[in-house]
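Data block for protein_26.cif (mmCIF, C-alpha atoms):
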```cif
data_query
#
loop_
_atom_site.group_PDB
_atom_site.id
_atom_site.type_symbol
_atom_site.label_atom_id
_atom_site.label_comp_id
_atom_site.auth_asym_id
_atom_site.auth_seq_id
_atom_site.Cartn_x
_atom_site.Cartn_y
_atom_site.Cartn_z
ATOM 1 C CA MET A 6 22.334 17.070 -49.220
ATOM 2 C CA LYS A 7 19.155 15.072 -49.818
ATOM 3 C CA ILE A 8 21.127 11.841 -49.801
ATOM 4 C CA LEU A 9 22.733 12.829 -46.464
ATOM 5 C CA LYS A 10 19.341 13.626 -44.891
ATOM 6 C CA LEU A 11 17.856 10.351 -46.100
ATOM 7 C CA THR A 12 20.805 8.441 -44.719
ATOM 8 C CA PHE A 13 20.447 10.161 -41.324
ATOM 9 C CA ILE A 14 16.679 9.443 -41.191
ATOM 10 C CA SER A 15 17.294 5.793 -42.104
ATOM 11 C CA LEU A 16 19.912 5.396 -39.420
ATOM 12 C CA PHE A 17 17.607 7.036 -36.852
ATOM 13 C CA ALA A 18 14.727 4.664 -37.779
ATOM 14 C CA ILE A 19 16.998 1.622 -37.512
ATOM 15 C CA THR A 20 18.197 2.811 -34.110
ATOM 16 C CA LEU A 21 14.588 3.190 -32.856
ATOM 17 C CA VAL A 22 13.617 -0.287 -34.088
ATOM 18 C CA SER A 23 16.725 -1.740 -32.494
ATOM 19 C CA CYS A 24 15.933 -0.020 -29.176
ATOM 20 C CA LYS A 25 12.382 -1.316 -29.209
ATOM 21 C CA LYS A 26 13.586 -4.852 -29.886
ATOM 22 C CA GLU A 27 16.141 -4.596 -27.084
ATOM 23 C CA SER A 28 13.480 -3.174 -24.769
ATOM 24 C CA LYS A 29 11.141 -6.099 -25.549
ATOM 25 C CA LYS A 30 14.013 -8.527 -25.115
ATOM 26 C CA THR A 31 14.918 -7.024 -21.733
ATOM 27 C CA SER A 32 11.268 -6.958 -20.670
ATOM 28 C CA GLY A 33 10.893 -10.564 -21.734
ATOM 29 C CA ASN A 34 13.919 -11.577 -19.695
ATOM 30 C CA LYS A 35 12.480 -9.753 -16.680
ATOM 31 C CA ASP A 36 9.152 -11.552 -17.034
ATOM 32 C CA SER A 37 10.965 -14.828 -17.485
ATOM 33 C CA LEU A 38 13.061 -14.254 -14.371
ATOM 34 C CA THR A 39 9.932 -13.328 -12.401
ATOM 35 C CA ALA A 40 8.122 -16.419 -13.626
ATOM 36 C CA LYS A 41 11.074 -18.592 -12.665
ATOM 37 C CA LYS A 42 11.169 -16.968 -9.248
ATOM 38 C CA ASP A 43 7.408 -17.502 -8.789
ATOM 39 C CA SER A 44 7.608 -21.147 -9.851
ATOM 40 C CA VAL A 45 10.405 -22.104 -7.488
ATOM 41 C CA VAL A 46 9.541 -25.457 -5.963
ATOM 42 C CA VAL A 47 9.595 -25.323 -2.190
ATOM 43 C CA PRO A 48 11.667 -28.304 -1.024
ATOM 44 C CA GLU A 49 9.850 -31.071 0.831
ATOM 45 C CA ILE A 50 11.249 -32.399 4.089
ATOM 46 C CA TYR A 51 10.599 -35.267 6.501
ATOM 47 C CA LYS A 52 9.181 -37.447 3.736
ATOM 48 C CA GLU A 53 9.559 -40.432 6.029
ATOM 49 C CA TYR A 54 6.550 -39.096 7.968
ATOM 50 C CA TYR A 55 4.285 -39.110 4.895
ATOM 51 C CA GLY A 56 1.484 -41.655 4.864
ATOM 52 C CA ILE A 57 -1.819 -42.728 6.385
ATOM 53 C CA TYR A 58 -2.309 -42.850 10.148
ATOM 54 C CA MET A 59 -5.474 -44.666 11.167
ATOM 55 C CA GLY A 60 -7.166 -45.560 14.435
ATOM 56 C CA ASP A 61 -9.599 -44.512 17.152
ATOM 57 C CA PHE A 62 -11.281 -41.123 17.347
ATOM 58 C CA ALA A 63 -13.047 -40.991 20.714
ATOM 59 C CA GLY A 64 -15.049 -38.407 22.600
ATOM 60 C CA LYS A 65 -17.792 -38.054 25.188
ATOM 61 C CA GLU A 66 -21.283 -37.297 23.956
ATOM 62 C CA MET A 67 -24.892 -37.764 25.019
ATOM 63 C CA ILE A 68 -26.285 -41.156 24.056
ATOM 64 C CA THR A 69 -29.997 -41.829 23.683
ATOM 65 C CA PRO A 70 -30.785 -45.556 24.027
ATOM 66 C CA GLU A 71 -33.932 -47.173 22.637
ATOM 67 C CA ILE A 72 -34.980 -47.929 26.217
ATOM 68 C CA GLY A 73 -33.977 -45.870 29.224
ATOM 69 C CA GLU A 74 -32.725 -42.378 29.888
ATOM 70 C CA GLU A 75 -30.148 -40.379 27.961
ATOM 71 C CA TYR A 76 -26.627 -40.565 29.384
ATOM 72 C CA GLU A 77 -23.104 -39.355 28.626
ATOM 73 C CA GLY A 78 -20.789 -41.996 27.233
ATOM 74 C CA GLU A 79 -17.599 -42.503 25.258
ATOM 75 C CA VAL A 80 -18.205 -42.868 21.513
ATOM 76 C CA TYR A 81 -15.516 -44.408 19.316
ATOM 77 C CA LYS A 82 -15.168 -43.755 15.619
ATOM 78 C CA LYS A 83 -12.459 -44.532 13.078
ATOM 79 C CA ILE A 84 -10.357 -41.764 11.579
ATOM 80 C CA SER A 85 -7.653 -41.561 8.929
ATOM 81 C CA LEU A 86 -5.099 -38.745 8.829
ATOM 82 C CA LYS A 87 -3.105 -38.638 5.615
ATOM 83 C CA ILE A 88 0.089 -36.558 5.572
ATOM 84 C CA ASN A 89 0.741 -35.663 1.928
ATOM 85 C CA ARG A 90 3.461 -32.997 2.066
ATOM 86 C CA ILE A 91 5.734 -31.278 4.573
ATOM 87 C CA THR A 92 7.822 -28.162 3.897
ATOM 88 C CA LYS A 93 9.735 -25.831 6.184
ATOM 89 C CA ASP A 94 6.630 -23.712 6.780
ATOM 90 C CA SER A 95 3.637 -25.968 6.137
ATOM 91 C CA VAL A 96 2.098 -29.419 6.353
ATOM 92 C CA TYR A 97 -0.619 -30.540 3.931
ATOM 93 C CA GLY A 98 -2.977 -33.498 4.099
ATOM 94 C CA GLN A 99 -6.520 -34.665 4.718
ATOM 95 C CA SER A 100 -8.695 -36.240 7.389
ATOM 96 C CA ILE A 101 -11.436 -38.819 6.813
ATOM 97 C CA VAL A 102 -14.150 -39.498 9.399
ATOM 98 C CA ASP A 103 -17.565 -41.064 8.672
ATOM 99 C CA GLY A 104 -16.852 -40.762 4.968
ATOM 100 C CA ASN A 105 -16.324 -37.000 5.340
ATOM 101 C CA GLN A 106 -13.023 -36.057 3.711
ATOM 102 C CA ARG A 107 -11.547 -32.715 4.791
ATOM 103 C CA PRO A 108 -8.252 -31.090 3.765
ATOM 104 C CA PHE A 109 -5.975 -29.642 6.421
ATOM 105 C CA ARG A 110 -2.933 -27.410 6.612
ATOM 106 C CA GLY A 111 -0.599 -26.863 9.527
ATOM 107 C CA VAL A 112 2.934 -26.895 10.854
ATOM 108 C CA PHE A 113 5.410 -29.457 12.134
ATOM 109 C CA ASN A 114 7.673 -28.878 15.145
ATOM 110 C CA GLU A 115 10.808 -30.965 14.763
ATOM 111 C CA ALA A 116 11.952 -30.398 18.358
ATOM 112 C CA SER A 117 8.765 -31.834 19.891
ATOM 113 C CA LYS A 118 7.898 -34.087 16.925
ATOM 114 C CA SER A 119 4.393 -32.621 16.921
ATOM 115 C CA PHE A 120 1.860 -31.381 14.369
ATOM 116 C CA ILE A 121 -0.767 -28.644 14.598
ATOM 117 C CA LEU A 122 -3.212 -29.216 11.725
ATOM 118 C CA ASP A 123 -6.216 -27.026 10.913
ATOM 119 C CA GLU A 124 -9.156 -28.045 8.748
ATOM 120 C CA PRO A 125 -10.590 -25.212 6.586
ATOM 121 C CA GLY A 126 -13.286 -24.103 9.031
ATOM 122 C CA ASN A 127 -16.110 -23.815 6.474
ATOM 123 C CA ASP A 128 -17.804 -27.004 7.678
ATOM 124 C CA LYS A 129 -19.417 -27.437 11.094
ATOM 125 C CA THR A 130 -17.330 -30.567 11.718
ATOM 126 C CA ASP A 131 -13.983 -28.801 11.150
ATOM 127 C CA GLY A 132 -11.446 -28.361 13.901
ATOM 128 C CA ARG A 133 -7.795 -28.457 14.940
ATOM 129 C CA PHE A 134 -5.635 -31.548 15.414
ATOM 130 C CA GLU A 135 -2.762 -31.356 17.889
ATOM 131 C CA VAL A 136 -0.882 -34.632 17.639
ATOM 132 C CA LYS A 137 2.526 -35.958 18.551
ATOM 133 C CA LEU A 138 4.595 -38.359 16.503
ATOM 134 C CA ASN A 139 6.183 -41.353 18.197
ATOM 135 C CA SER A 140 7.793 -43.814 15.803
ATOM 136 C CA ASP A 141 4.864 -44.964 13.591
ATOM 137 C CA SER A 142 2.062 -43.632 15.772
ATOM 138 C CA LEU A 143 0.238 -40.341 16.263
ATOM 139 C CA THR A 144 -1.527 -39.463 19.506
ATOM 140 C CA GLY A 145 -3.219 -36.281 20.608
ATOM 141 C CA THR A 146 -6.453 -34.329 20.471
ATOM 142 C CA TRP A 147 -8.925 -32.716 18.116
ATOM 143 C CA ASN A 148 -11.036 -29.700 19.090
ATOM 144 C CA ALA A 149 -13.943 -28.352 17.045
ATOM 145 C CA PHE A 150 -13.838 -24.721 15.958
ATOM 146 C CA ASN A 151 -17.583 -24.493 16.582
ATOM 147 C CA LYS A 152 -18.089 -26.325 19.862
ATOM 148 C CA THR A 153 -21.880 -26.084 19.790
ATOM 149 C CA ALA A 154 -22.236 -27.565 16.298
ATOM 150 C CA VAL A 155 -21.050 -31.109 17.095
ATOM 151 C CA LYS A 156 -21.994 -33.673 19.720
ATOM 152 C CA ALA A 157 -18.447 -34.225 20.938
ATOM 153 C CA PRO A 158 -16.387 -31.009 20.485
ATOM 154 C CA SER A 159 -13.232 -32.591 21.946
ATOM 155 C CA LYS A 160 -11.848 -35.962 20.935
ATOM 156 C CA ASN A 161 -8.731 -38.054 21.533
ATOM 157 C CA LEU A 162 -6.766 -39.798 18.793
ATOM 158 C CA LYS A 163 -4.638 -42.941 18.862
ATOM 159 C CA LEU A 164 -3.405 -43.707 15.363
ATOM 160 C CA ILE A 165 -1.023 -46.190 13.779
ATOM 161 C CA LYS A 166 0.683 -45.700 10.421
ATOM 162 C CA LYS A 167 -0.722 -48.004 7.760
ATOM 163 C CA GLU A 168 0.102 -48.594 4.128
ATOM 164 C CA PHE A 169 -2.782 -48.732 1.687
ATOM 165 C CA VAL A 170 -2.557 -51.645 -0.732
ATOM 166 C CA TYR A 171 -5.169 -52.829 -3.206
ATOM 167 C CA ASN A 172 -5.564 -56.573 -2.974
ATOM 168 C CA PRO A 173 -8.395 -58.381 -4.814
ATOM 169 C CA ASN A 174 -8.181 -61.203 -2.250
ATOM 170 C CA PHE A 175 -9.345 -59.047 0.687
ATOM 171 C CA MET A 176 -12.600 -60.397 2.147
ATOM 172 C CA LEU A 177 -14.801 -60.133 5.208
ATOM 173 C CA SER A 178 -13.993 -62.910 7.663
ATOM 174 C CA PRO A 179 -16.254 -65.558 9.265
ATOM 175 C CA ASP A 180 -15.869 -63.609 12.532
ATOM 176 C CA ASN A 181 -17.569 -60.519 11.079
ATOM 177 C CA ASP A 182 -20.829 -59.310 12.570
ATOM 178 C CA LEU A 183 -23.245 -59.629 9.627
ATOM 179 C CA ILE A 184 -26.078 -57.541 11.065
ATOM 180 C CA ASP A 185 -26.977 -54.097 9.748
ATOM 181 C CA TRP A 186 -27.596 -52.221 12.993
ATOM 182 C CA GLU A 187 -28.177 -48.893 11.253
ATOM 183 C CA ASN A 188 -31.508 -49.521 9.527
ATOM 184 C CA PRO A 189 -34.009 -51.242 11.846
ATOM 185 C CA LYS A 190 -37.526 -51.711 10.541
ATOM 186 C CA ASN A 191 -40.734 -52.027 12.527
ATOM 187 C CA PHE A 192 -42.990 -55.017 11.898
ATOM 188 C CA VAL A 193 -46.441 -55.750 13.309
ATOM 189 C CA GLU A 194 -46.421 -59.188 14.948
ATOM 190 C CA LYS A 195 -49.252 -61.326 16.322
ATOM 191 C CA TYR A 196 -49.209 -63.030 19.704
ATOM 192 C CA THR A 197 -51.727 -65.632 20.937
ATOM 193 C CA ASP A 198 -52.155 -66.064 24.666
ATOM 194 C CA GLU A 199 -51.980 -69.784 25.516
ATOM 195 C CA HIS A 200 -54.400 -69.477 28.403
ATOM 196 C CA THR A 201 -57.097 -67.219 26.978
ATOM 197 C CA GLY A 202 -56.632 -67.917 23.291
ATOM 198 C CA ASN A 203 -56.833 -64.182 22.598
ATOM 199 C CA THR A 204 -54.707 -62.816 19.760
ATOM 200 C CA GLU A 205 -52.947 -59.510 20.201
ATOM 201 C CA THR A 206 -50.657 -57.475 18.000
ATOM 202 C CA TYR A 207 -47.423 -55.703 18.881
ATOM 203 C CA THR A 208 -44.643 -53.863 17.059
ATOM 204 C CA ALA A 209 -41.211 -55.497 16.819
ATOM 205 C CA SER A 210 -38.040 -53.748 15.618
ATOM 206 C CA LYS A 211 -35.936 -55.965 13.373
ATOM 207 C CA ASN A 212 -32.600 -55.608 11.595
ATOM 208 C CA ARG A 213 -31.337 -56.792 8.243
ATOM 209 C CA ILE A 214 -28.954 -59.720 8.338
ATOM 210 C CA ALA A 215 -26.525 -60.913 5.670
ATOM 211 C CA SER A 216 -25.761 -64.533 4.822
ATOM 212 C CA GLU A 217 -22.399 -66.297 4.559
ATOM 213 C CA ALA A 218 -22.426 -65.501 0.831
ATOM 214 C CA VAL A 219 -20.639 -62.235 1.673
ATOM 215 C CA ILE A 220 -17.548 -64.157 2.834
ATOM 216 C CA LYS A 221 -17.591 -66.542 -0.125
ATOM 217 C CA ILE A 222 -18.378 -64.484 -3.236
ATOM 218 C CA ASN A 223 -15.604 -62.182 -4.445
ATOM 219 C CA ALA A 224 -16.650 -59.698 -7.150
ATOM 220 C CA SER A 225 -13.029 -58.612 -7.670
ATOM 221 C CA LYS A 226 -11.871 -62.068 -8.748
ATOM 222 C CA GLN A 227 -14.728 -64.096 -10.185
ATOM 223 C CA LYS A 228 -17.078 -63.262 -13.033
ATOM 224 C CA LEU A 229 -20.556 -63.237 -11.517
ATOM 225 C CA THR A 230 -23.593 -64.676 -13.253
ATOM 226 C CA GLU A 231 -27.326 -64.309 -12.727
ATOM 227 C CA LYS A 232 -27.305 -67.811 -11.221
ATOM 228 C CA ASP A 233 -24.832 -66.638 -8.546
ATOM 229 C CA LEU A 234 -27.097 -63.789 -7.486
ATOM 230 C CA LYS A 235 -30.709 -64.832 -7.967
ATOM 231 C CA ASN A 236 -31.182 -66.306 -4.463
ATOM 232 C CA LEU A 237 -29.160 -63.744 -2.512
ATOM 233 C CA ARG A 238 -30.574 -61.206 -0.095
ATOM 234 C CA LYS A 239 -30.401 -57.515 -0.913
ATOM 235 C CA LEU A 240 -27.911 -56.877 1.897
ATOM 236 C CA ASP A 241 -25.730 -59.743 0.610
ATOM 237 C CA MET A 242 -25.440 -58.108 -2.785
ATOM 238 C CA GLU A 243 -24.865 -54.658 -1.322
ATOM 239 C CA ILE A 244 -21.936 -55.965 0.724
ATOM 240 C CA ILE A 245 -20.484 -58.014 -2.165
ATOM 241 C CA LYS A 246 -20.677 -54.917 -4.381
ATOM 242 C CA ASN A 247 -19.234 -52.529 -1.804
ATOM 243 C CA SER A 248 -16.420 -54.950 -0.960
ATOM 244 C CA VAL A 249 -15.079 -54.029 -4.415
ATOM 245 C CA PHE A 250 -14.994 -50.332 -3.476
ATOM 246 C CA ALA A 251 -13.618 -51.073 0.003
ATOM 247 C CA ARG A 252 -10.628 -52.908 -1.509
ATOM 248 C CA HIS A 253 -9.801 -49.733 -3.448
ATOM 249 C CA GLY A 254 -9.989 -47.585 -0.280
ATOM 250 C CA TYR A 255 -13.356 -45.943 -0.843
ATOM 251 C CA SER A 256 -14.485 -43.746 2.037
ATOM 252 C CA PHE A 257 -18.074 -44.803 2.798
ATOM 253 C CA LYS A 258 -20.554 -42.168 3.931
ATOM 254 C CA LYS A 259 -23.197 -44.791 4.778
ATOM 255 C CA ALA A 260 -22.640 -46.159 8.266
ATOM 256 C CA THR A 261 -23.980 -49.585 7.242
ATOM 257 C CA TYR A 262 -21.037 -50.248 4.939
ATOM 258 C CA ARG A 263 -18.448 -48.551 7.158
ATOM 259 C CA ASN A 264 -19.487 -50.791 10.054
ATOM 260 C CA PHE A 265 -18.973 -53.941 8.012
ATOM 261 C CA PHE A 266 -15.550 -53.025 6.629
ATOM 262 C CA GLU A 267 -14.149 -51.302 9.700
ATOM 263 C CA GLN A 268 -14.286 -54.719 11.377
ATOM 264 C CA THR A 269 -11.420 -55.825 9.115
ATOM 265 C CA ASP A 270 -7.734 -54.951 9.472
ATOM 266 C CA TRP A 271 -7.293 -54.324 5.740
ATOM 267 C CA TYR A 272 -9.872 -51.577 5.097
ATOM 268 C CA ILE A 273 -8.142 -48.191 4.828
ATOM 269 C CA PRO A 274 -10.280 -45.309 3.468
ATOM 270 C CA VAL A 275 -8.229 -43.043 1.231
ATOM 271 C CA SER A 276 -10.619 -41.465 -1.292
ATOM 272 C CA ASN A 277 -14.251 -40.533 -1.872
ATOM 273 C CA ASN A 278 -14.102 -41.562 -5.542
ATOM 274 C CA VAL A 279 -12.383 -44.736 -6.749
ATOM 275 C CA ASP A 280 -14.504 -45.405 -9.864
ATOM 276 C CA SER A 281 -11.537 -45.034 -12.224
ATOM 277 C CA ASP A 282 -9.523 -47.574 -10.210
ATOM 278 C CA LEU A 283 -11.931 -50.470 -10.747
ATOM 279 C CA THR A 284 -10.806 -53.269 -13.052
ATOM 280 C CA PRO A 285 -12.934 -54.193 -16.119
ATOM 281 C CA LEU A 286 -14.107 -57.342 -14.297
ATOM 282 C CA GLU A 287 -15.121 -55.328 -11.232
ATOM 283 C CA LYS A 288 -17.031 -52.787 -13.333
ATOM 284 C CA GLU A 289 -18.921 -55.574 -15.084
ATOM 285 C CA ASN A 290 -19.786 -57.293 -11.798
ATOM 286 C CA VAL A 291 -20.880 -54.034 -10.141
ATOM 287 C CA ALA A 292 -23.235 -53.323 -13.062
ATOM 288 C CA LEU A 293 -24.788 -56.799 -12.722
ATOM 289 C CA LEU A 294 -25.133 -56.438 -8.944
ATOM 290 C CA ASN A 295 -26.839 -53.051 -9.346
ATOM 291 C CA ARG A 296 -29.467 -54.638 -11.594
ATOM 292 C CA PHE A 297 -30.252 -57.332 -9.030
ATOM 293 C CA ILE A 298 -30.106 -55.034 -5.968
ATOM 294 C CA LYS A 299 -32.873 -52.911 -7.457
ATOM 295 C CA TYR A 300 -35.430 -55.728 -7.118
ATOM 296 C CA ALA A 301 -33.969 -57.832 -4.290
ATOM 297 C CA GLU A 302 -35.549 -58.299 -0.863
ATOM 298 C CA ASP A 303 -34.042 -58.411 2.608
ATOM 299 C CA LYS A 304 -34.316 -60.821 5.488
ATOM 300 C CA TYR A 305 -35.045 -59.223 8.855
ATOM 301 C CA ASP A 306 -34.645 -60.689 12.331
ATOM 302 C CA SER A 307 -34.751 -59.563 15.954
ATOM 303 C CA PHE A 308 -31.515 -59.067 17.881
ATOM 304 C CA GLY A 309 -30.509 -57.634 21.225
ATOM 305 C CA ARG A 310 -27.694 -55.113 21.515
#
```
Take the structure in the file and write it out as structure tokens.
Amino acid sequence: MKILKLTFISLFAITLVSCKKESKKTSGNKDSLTAKKDSVVVPEIYKEYYGIYMGDFAGKEMITPEIGEEYEGEVYKKISLKINRITKDSVYGQSIVDGNQRPFRGVFNEASKSFILDEPGNDKTDGRFEVKLNSDSLTGTWNAFNKTAVKAPSKNLKLIKKEFVYNPNFMLSPDNDLIDWENPKNFVEKYTDEHTGNTETYTASKNRIASEAVIKINASKQKLTEKDLKNLRKLDMEIIKNSVFARHGYSFKKATYRNFFEQTDWYIPVSNNVDSDLTPLEKENVALLNRFIKYAEDKYDSFGR
């Protein structure tokens, strides 16, 4: 009888263990199925529309000239819209204006070939793009969510699709305007009247000007030496250095540098950090330029606008 009882208890224990194992196995399968369901990759569509669309971003705003009264005028900026991903329900990408990179999400209407793209809304410059696709161009409007927070709450866009390519040969051209219009400096000048001989002083506003060195020295291709830099102006070295970053698609926040590179047809801002993309030669040259920029001086001159 004892043997029979022990055998029954043993069988019962084995059955319980087996049930627990089966329960865990079933539960595991359920979790696995759920995980697989949750990790289903949503298929991407219209990949031919992916890419960078760049061009004019224009709107009316009040302009305050150095001399004269304030007036309303059309202000043109450059903008990049980058379409990264399109699915049945959503479009993902980013906008870049004035070095300000903002993500957006929206929808694509295949029937009208149009996008509605919303920036997050947690920045005063955020808004909604409503643009239409026509071959390789995007045209439409942008409207700020907070219309009182920006100078021009409504803007028009005319963009062309461009392909970003890093090319160490890219340079500013001889036709480039080499004046830094963004940082004028006031100087006290003396004036002697020819008739009376009296000397008077007045304040003159002057701007930095770069030399032709910026279209000759390429810090992406040639190893720079102290001899190459010792007689250059500060602005020269700043442009030579930032040409390296411009070639890699760096999105400049400083208007000075944007103005220089937006004059070219090759500059396409794609990122606000390209440090890891620099070649060993470029990193070495940038370090040398930084040392010289720290102590360099600028040349200023007077210009009319």
List the spatial neighbours of region 160-163 of chain A as number ranges by chain - criterion: any atom at most 8 Å away, only C-alpha atoms, same-chain residues fewer than 3 positions off excluded.
A: 59-65, 136, 142-148, 157
From the set A:Tyr300, A:Leu177, A:Thr208, A:Glu75, which residue has the shortest atom-to-atom contact distance to Ile244 (chain A), counting all atoms listed in the file?
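Using all atoms listed in the file, Ile244 (chain A) sits closest to A:Leu177.
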For Asp103 (chain A), find every residue with an atom within 9 Å (counting all atoms listed in the file), except residues of its own chain fewer than 3 positions away, and show them as a PyMOL selection string.
chain A and resi 82-84+106+256-260+263
Can you list, as a PyMOL selection string, the residues that the PyMOL selection byres ((chain A and resi 220) around 7) selects here?
chain A and resi 176-179+217-219+221-222
Just-selected residues, C-alpha atoms written as a compact mmCIF listing (two decimals), in the frame of the given file:
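This is the output file part-v2.txt:
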```
# COMPACT_ATOMS: atom_id res chain seq x y z
CA MET A 176 -12.60 -60.40 2.15
CA LEU A 177 -14.80 -60.13 5.21
CA SER A 178 -13.99 -62.91 7.66
CA PRO A 179 -16.25 -65.56 9.26
CA GLU A 217 -22.40 -66.30 4.56
CA ALA A 218 -22.43 -65.50 0.83
CA VAL A 219 -20.64 -62.24 1.67
CA LYS A 221 -17.59 -66.54 -0.12
CA ILE A 222 -18.38 -64.48 -3.24
```
Would you list the residues near (-15.5, -65.3, -7.6) (no more than 12 Å away, in the coordinates of the file, using all atoms listed in the file) as a ChimeraX atom specification?
/A:173-174,176,218-230,233-234,245,249,286-287,290
Write out as an mmCIF file with C-alpha atoms, in the coordinates of the input which residues come within 9 Å of Met242 (chain A) when counting all atoms listed in the file, dropping same-chain ones fewer than 4 positions away.
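Okay, this is what ended up in selection-v9.cif:
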```cif
data_model
loop_
_atom_site.group_PDB
_atom_site.id
_atom_site.type_symbol
_atom_site.label_atom_id
_atom_site.label_comp_id
_atom_site.auth_asym_id
_atom_site.auth_seq_id
_atom_site.Cartn_x
_atom_site.Cartn_y
_atom_site.Cartn_z
ATOM 1 C CA ALA A 215 -26.525 -60.913 5.670
ATOM 2 C CA ALA A 218 -22.426 -65.501 0.831
ATOM 3 C CA VAL A 219 -20.639 -62.235 1.673
ATOM 4 C CA LEU A 234 -27.097 -63.789 -7.486
ATOM 5 C CA LEU A 237 -29.160 -63.744 -2.512
ATOM 6 C CA ARG A 238 -30.574 -61.206 -0.095
ATOM 7 C CA LYS A 246 -20.677 -54.917 -4.381
ATOM 8 C CA ASN A 247 -19.234 -52.529 -1.804
ATOM 9 C CA LEU A 294 -25.133 -56.438 -8.944
ATOM 10 C CA ASN A 295 -26.839 -53.051 -9.346
ATOM 11 C CA PHE A 297 -30.252 -57.332 -9.030
ATOM 12 C CA ILE A 298 -30.106 -55.034 -5.968
ATOM 13 C CA ALA A 301 -33.969 -57.832 -4.290
#
```
Tell me which residues the PyMOL selection byres ((chain A and resi 303) around 12) grabs here, as a VMD selection string.
chain A and resid 184 to 185 188 to 190 211 to 216 236 to 243 298 to 302 304 to 306
